[in-house]
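Asks: Contents of work_10.cif (mmCIF, C-alpha atoms) are given next:
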data_work
loop_
_atom_site.group_PDB
_atom_site.id
_atom_site.type_symbol
_atom_site.label_atom_id
_atom_site.label_comp_id
_atom_site.auth_asym_id
_atom_site.auth_seq_id
_atom_site.Cartn_x
_atom_site.Cartn_y
_atom_site.Cartn_z
ATOM 1 C CA MET G 10 8.751 37.521 -38.103
ATOM 2 C CA SER G 11 9.633 37.321 -34.390
ATOM 3 C CA SER G 12 6.549 35.180 -33.648
ATOM 4 C CA LEU G 13 7.620 32.750 -36.381
ATOM 5 C CA ALA G 14 11.120 32.529 -34.864
ATOM 6 C CA PHE G 15 9.611 31.988 -31.394
ATOM 7 C CA THR G 16 7.336 29.241 -32.702
ATOM 8 C CA CYS G 17 10.252 27.483 -34.421
ATOM 9 C CA ALA G 18 12.421 27.752 -31.301
ATOM 10 C CA LEU G 19 9.617 26.374 -29.143
ATOM 11 C CA GLY G 20 9.091 23.491 -31.544
ATOM 12 C CA CYS G 21 12.810 22.640 -31.499
ATOM 13 C CA LEU G 22 12.858 22.758 -27.695
ATOM 14 C CA VAL G 23 9.880 20.392 -27.425
ATOM 15 C CA ALA G 24 11.471 17.989 -29.952
ATOM 16 C CA ALA G 25 14.799 18.050 -28.103
ATOM 17 C CA MET G 26 13.092 17.372 -24.772
ATOM 18 C CA ALA G 27 11.124 14.450 -26.219
ATOM 19 C CA LEU G 28 14.233 12.924 -27.772
ATOM 20 C CA GLY G 29 16.206 13.471 -24.576
ATOM 21 C CA THR G 30 13.687 11.590 -22.393
ATOM 22 C CA SER G 31 14.717 7.983 -21.959
ATOM 23 C CA SER G 32 12.410 5.243 -23.162
ATOM 24 C CA THR G 33 12.340 3.871 -19.604
ATOM 25 C CA ALA G 34 11.093 7.196 -18.222
ATOM 26 C CA ARG G 35 8.447 7.449 -20.956
ATOM 27 C CA ALA G 36 7.288 3.868 -20.287
ATOM 28 C CA THR G 37 7.159 4.457 -16.526
ATOM 29 C CA ALA G 38 5.017 7.556 -17.041
ATOM 30 C CA ARG G 39 2.507 5.581 -19.115
ATOM 31 C CA PHE G 40 2.696 2.322 -17.155
ATOM 32 C CA PRO G 41 3.393 2.816 -13.436
ATOM 33 C CA GLN G 42 5.497 0.333 -11.499
ATOM 34 C CA PRO G 43 3.796 -2.929 -10.523
ATOM 35 C CA CYS G 44 1.785 -3.096 -7.320
ATOM 36 C CA SER G 45 2.242 -5.402 -4.312
ATOM 37 C CA THR G 46 0.982 -5.661 -0.733
ATOM 38 C CA GLN G 47 3.626 -3.046 0.128
ATOM 39 C CA THR G 48 1.871 -0.552 -2.177
ATOM 40 C CA LEU G 49 -0.885 -0.093 0.419
ATOM 41 C CA HIS G 50 0.520 1.426 3.570
ATOM 42 C CA GLY G 51 -1.154 3.947 5.853
ATOM 43 C CA LEU G 52 -4.590 5.069 6.957
ATOM 44 C CA TYR G 53 -7.488 5.239 4.486
ATOM 45 C CA LEU G 54 -11.036 6.514 4.987
ATOM 46 C CA TRP G 55 -13.187 3.737 3.541
ATOM 47 C CA THR G 56 -16.840 4.266 2.656
ATOM 48 C CA PHE G 57 -19.174 1.810 1.013
ATOM 49 C CA ASP G 58 -22.856 1.165 0.656
ATOM 50 C CA GLY G 59 -25.116 -1.588 -0.554
ATOM 51 C CA TYR G 60 -27.549 -4.052 0.996
ATOM 52 C CA ALA G 61 -27.395 -6.492 3.903
ATOM 53 C CA ASN G 62 -29.483 -9.578 4.628
ATOM 54 C CA LEU G 63 -31.442 -8.833 7.786
ATOM 55 C CA GLY G 64 -33.935 -11.533 8.724
ATOM 56 C CA GLY G 65 -34.250 -12.692 5.116
ATOM 57 C CA ASN G 66 -34.834 -9.155 3.792
ATOM 58 C CA LEU G 67 -32.343 -6.989 1.958
ATOM 59 C CA VAL G 68 -31.979 -3.657 3.768
ATOM 60 C CA PRO G 69 -29.721 -0.702 2.915
ATOM 61 C CA LYS G 70 -26.325 -0.543 4.576
ATOM 62 C CA ALA G 71 -23.674 2.159 4.693
ATOM 63 C CA VAL G 72 -20.252 2.035 6.301
ATOM 64 C CA MET G 73 -17.610 4.659 7.050
ATOM 65 C CA GLN G 74 -14.469 3.389 8.699
ATOM 66 C CA GLY G 75 -10.793 3.937 9.053
ATOM 67 C CA LEU G 76 -8.759 1.181 7.502
ATOM 68 C CA ARG G 77 -5.038 1.023 8.177
ATOM 69 C CA PHE G 78 -3.068 -0.990 5.622
ATOM 70 C CA ASN G 79 0.181 -2.161 7.223
ATOM 71 C CA GLY G 80 2.099 -2.815 3.982
ATOM 72 C CA ASP G 81 2.412 -6.516 4.821
ATOM 73 C CA GLY G 82 -1.000 -7.933 3.873
ATOM 74 C CA THR G 83 -2.669 -7.085 7.203
ATOM 75 C CA THR G 84 -5.098 -4.319 8.160
ATOM 76 C CA PHE G 85 -6.563 -2.778 11.289
ATOM 77 C CA ASN G 86 -9.654 -0.572 11.590
ATOM 78 C CA PRO G 87 -9.140 2.152 14.234
ATOM 79 C CA PHE G 88 -12.643 3.680 13.933
ATOM 80 C CA GLY G 89 -15.919 3.221 12.126
ATOM 81 C CA THR G 90 -19.682 3.661 11.956
ATOM 82 C CA VAL G 91 -22.184 1.295 10.327
ATOM 83 C CA ASN G 92 -25.833 1.883 9.396
ATOM 84 C CA ILE G 93 -27.798 -1.266 8.592
ATOM 85 C CA GLY G 94 -31.471 -0.731 7.817
ATOM 86 C CA GLY G 95 -31.541 2.469 9.863
ATOM 87 C CA THR G 96 -29.826 0.965 12.909
ATOM 88 C CA PHE G 97 -26.524 2.647 13.696
ATOM 89 C CA ILE G 98 -23.522 0.910 15.202
ATOM 90 C CA PHE G 99 -21.135 3.702 16.150
ATOM 91 C CA ASP G 100 -18.089 1.832 17.362
ATOM 92 C CA VAL G 101 -16.727 -0.738 14.929
ATOM 93 C CA THR G 102 -13.095 -0.411 15.993
ATOM 94 C CA GLY G 103 -10.584 -3.196 16.377
ATOM 95 C CA GLY G 104 -10.448 -6.273 14.267
ATOM 96 C CA PRO G 105 -7.464 -7.248 12.187
ATOM 97 C CA GLY G 106 -8.002 -8.054 8.529
ATOM 98 C CA THR G 107 -6.065 -9.249 5.523
ATOM 99 C CA TYR G 108 -5.495 -8.128 1.939
ATOM 100 C CA SER G 109 -3.524 -9.085 -1.132
ATOM 101 C CA VAL G 110 -2.411 -6.984 -4.104
ATOM 102 C CA ALA G 111 -1.167 -8.435 -7.409
ATOM 103 C CA ALA G 112 1.300 -6.770 -9.788
ATOM 104 C CA ASP G 113 -1.624 -5.448 -11.897
ATOM 105 C CA CYS G 114 -2.948 -3.569 -8.799
ATOM 106 C CA THR G 115 -5.961 -5.868 -8.307
ATOM 107 C CA GLY G 116 -6.473 -7.854 -5.149
ATOM 108 C CA THR G 117 -8.759 -8.876 -2.313
ATOM 109 C CA LEU G 118 -9.638 -7.455 1.096
ATOM 110 C CA THR G 119 -11.218 -9.097 4.140
ATOM 111 C CA PRO G 120 -11.500 -6.361 6.797
ATOM 112 C CA GLY G 121 -12.145 -8.779 9.692
ATOM 113 C CA PRO G 122 -11.887 -12.534 10.204
ATOM 114 C CA GLY G 123 -15.053 -14.607 9.890
ATOM 115 C CA ILE G 124 -17.564 -11.771 10.256
ATOM 116 C CA SER G 125 -16.673 -9.601 7.294
ATOM 117 C CA PRO G 126 -17.499 -9.883 3.635
ATOM 118 C CA THR G 127 -14.663 -10.212 1.145
ATOM 119 C CA PHE G 128 -14.008 -7.509 -1.440
ATOM 120 C CA ASN G 129 -12.196 -7.361 -4.753
ATOM 121 C CA ILE G 130 -10.021 -4.248 -4.808
ATOM 122 C CA TYR G 131 -8.224 -2.097 -7.331
ATOM 123 C CA VAL G 132 -5.390 0.171 -6.161
ATOM 124 C CA GLY G 133 -5.313 3.468 -8.059
ATOM 125 C CA PRO G 134 -2.254 5.460 -9.131
ATOM 126 C CA GLY G 135 0.091 6.282 -6.277
ATOM 127 C CA ALA G 136 -2.109 4.221 -3.925
ATOM 128 C CA GLN G 137 -4.102 7.369 -3.195
ATOM 129 C CA GLN G 138 -7.403 5.559 -3.727
ATOM 130 C CA VAL G 139 -8.669 1.968 -3.510
ATOM 131 C CA TRP G 140 -11.927 0.858 -5.114
ATOM 132 C CA THR G 141 -13.841 -2.037 -3.550
ATOM 133 C CA LEU G 142 -16.600 -4.415 -4.674
ATOM 134 C CA GLU G 143 -18.096 -7.011 -2.340
ATOM 135 C CA ILE G 144 -17.702 -10.524 -3.726
ATOM 136 C CA SER G 145 -18.791 -12.695 -0.781
ATOM 137 C CA SER G 146 -20.723 -12.313 2.414
ATOM 138 C CA PRO G 147 -20.939 -14.306 5.629
ATOM 139 C CA ASN G 148 -24.733 -13.788 5.388
ATOM 140 C CA PRO G 149 -26.023 -15.222 2.076
ATOM 141 C CA PRO G 150 -28.074 -14.337 0.050
ATOM 142 C CA ALA G 151 -26.889 -10.753 0.504
ATOM 143 C CA GLY G 152 -23.562 -11.796 -0.997
ATOM 144 C CA ILE G 153 -22.059 -11.129 -4.346
ATOM 145 C CA GLY G 154 -22.033 -7.559 -5.598
ATOM 146 C CA VAL G 155 -24.140 -5.917 -2.920
ATOM 147 C CA SER G 156 -21.574 -3.364 -1.745
ATOM 148 C CA VAL G 157 -19.309 -0.997 -3.609
ATOM 149 C CA GLY G 158 -17.036 1.600 -2.101
ATOM 150 C CA THR G 159 -13.880 3.654 -2.152
ATOM 151 C CA ALA G 160 -10.992 4.100 0.270
ATOM 152 C CA VAL G 161 -9.049 7.373 0.105
ATOM 153 C CA ARG G 162 -5.637 7.797 1.738
ATOM 154 C CA VAL G 163 -5.704 10.148 4.709
ATOM 155 C CA PRO G 164 -2.727 12.544 4.604
#
Would you mind writing the file out in structure tokens?
Replies:
Amino acid sequence: MSSLAFTCALGCLVAAMALGTSSTARATARFPQPCSTQTLHGLYLWTFDGYANLGGNLVPKAVMQGLRFNGDGTTFNPFGTVNIGGTFIFDVTGGPGTYSVAADCTGTLTPGPGISPTFNIYVGPGAQQVWTLEISSPNPPAGIGVSVGTAVRVP
């Protein structure tokens, strides 16, 4: 009998908590607040891989770099390493970039002016992670869709 009473009490508590939660709080839990350029702020470790056009041939490329989002649509990369076709470039620091983020958490990223490809981005919950997909390249034909990656916020 005591387990039945406990079960009933627990059920009433759960029902009371659900009824007591405002519809705004329930909606916010299911649908987070809209995103903007201010959503991305801080240092992220960004890795991506794909292919680059090197002398008319597609060769593998891999990049690991720091990417600081400034919360205002601009970026800066404080460190980085690139491997293109087995050739390593260890110091890819410097270079301002730009980004945009729409209310639905999609946007674009250009890590450096003129020399960098452009990426479509998606900002994950709490801006803890950003997914990237290359959509243009300064070196066609290596362009559309040849690089995918992820940026993870550094604590």
Asks: Just so the selection is clear, what residues does the PyMOL selection byres ((chain G and resi 93-100) around 9) cover here, as a list in words?
Replies: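 Selected by the PyMOL selection byres ((chain G and resi 93-100) around 9) in this file: Tyr60, Ala61, Leu63, Leu67, Val68, Pro69, Lys70, Ala71, Val72, Phe88, Gly89, Thr90, Val91, Asn92, Val101 and Thr102 of chain G.
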Asks: Kindly export the residues of the current selection with C-alpha atoms, as an mmCIF file, in the coordinates of the input.
Replies:
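The new file out.cif reads:
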data_model
loop_
_atom_site.group_PDB
_atom_site.id
_atom_site.type_symbol
_atom_site.label_atom_id
_atom_site.label_comp_id
_atom_site.auth_asym_id
_atom_site.auth_seq_id
_atom_site.Cartn_x
_atom_site.Cartn_y
_atom_site.Cartn_z
ATOM 1 C CA TYR G 60 -27.549 -4.052 0.996
ATOM 2 C CA ALA G 61 -27.395 -6.492 3.903
ATOM 3 C CA LEU G 63 -31.442 -8.833 7.786
ATOM 4 C CA LEU G 67 -32.343 -6.989 1.958
ATOM 5 C CA VAL G 68 -31.979 -3.657 3.768
ATOM 6 C CA PRO G 69 -29.721 -0.702 2.915
ATOM 7 C CA LYS G 70 -26.325 -0.543 4.576
ATOM 8 C CA ALA G 71 -23.674 2.159 4.693
ATOM 9 C CA VAL G 72 -20.252 2.035 6.301
ATOM 10 C CA PHE G 88 -12.643 3.680 13.933
ATOM 11 C CA GLY G 89 -15.919 3.221 12.126
ATOM 12 C CA THR G 90 -19.682 3.661 11.956
ATOM 13 C CA VAL G 91 -22.184 1.295 10.327
ATOM 14 C CA ASN G 92 -25.833 1.883 9.396
ATOM 15 C CA VAL G 101 -16.727 -0.738 14.929
ATOM 16 C CA THR G 102 -13.095 -0.411 15.993
#
Asks: Any idea what the distance is between atom CA of G:Phe85 and atom CA of G:Thr119?
Replies: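 For atom CA of G:Phe85 relative to atom CA of G:Thr119, the distance reads 10.6 Å.
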Asks: Tell me which of G:Asn62, G:Ser109, G:Asn129, G:Thr46 sits closest to G:Gly158, counting only C-alpha atoms.
Replies: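 With only C-alpha atoms as the atom set, the closest residue is G:Asn129.
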Asks: Pull out every residue that the PyMOL selection byres ((chain G and resi 83) around 7) matches in the shown coordinates and put them as a list in words.
Replies: Phe78, Asn79, Asp81, Gly82, Thr84, Pro105, Gly106, Thr107 and Tyr108 of chain G
Asks: Quick check, in Å to one decimal: how far apart do atom CA of G:Gly104 and atom CA of G:Glu143 lie?
Replies: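 Going from atom CA of G:Gly104 over to atom CA of G:Glu143 covers 18.3 Å.
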Asks: How many Å lie between atom CA of G:Ile130 and atom CA of G:Gly64, rounded to one decimal?
Replies: 28.4 Å
Asks: Using all atoms listed in the file for the distances, tell me which of G:Val157, G:Gly65, G:Pro43, G:Thr117 is nearest to G:Thr141.
Replies: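 Among the listed residues, the smallest separation from G:Thr141 belongs to G:Val157.
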Asks: Place a sphere of radius 10 Å on (-5.1, 7.2, 1.9) in the file coordinates and name every protein, DNA or RNA residue with an atom inside or on its surface, counting only C-alpha atoms; give the answer as a PyMOL selection string.
Replies: chain G and resi 49-55+75-78+135-139+160-164
Asks: Draw an axis-aligned box over all listed atoms of stretch 42-46 of chain G, pad each side with 3 Å, and write its centre and edge lengths in Å, one decimal, as AutoDock Vina command-line options.
Replies:
--center_x 3.2 --center_y -2.7 --center_z -6.1 --size_x 10.5 --size_y 12.0 --size_z 16.8
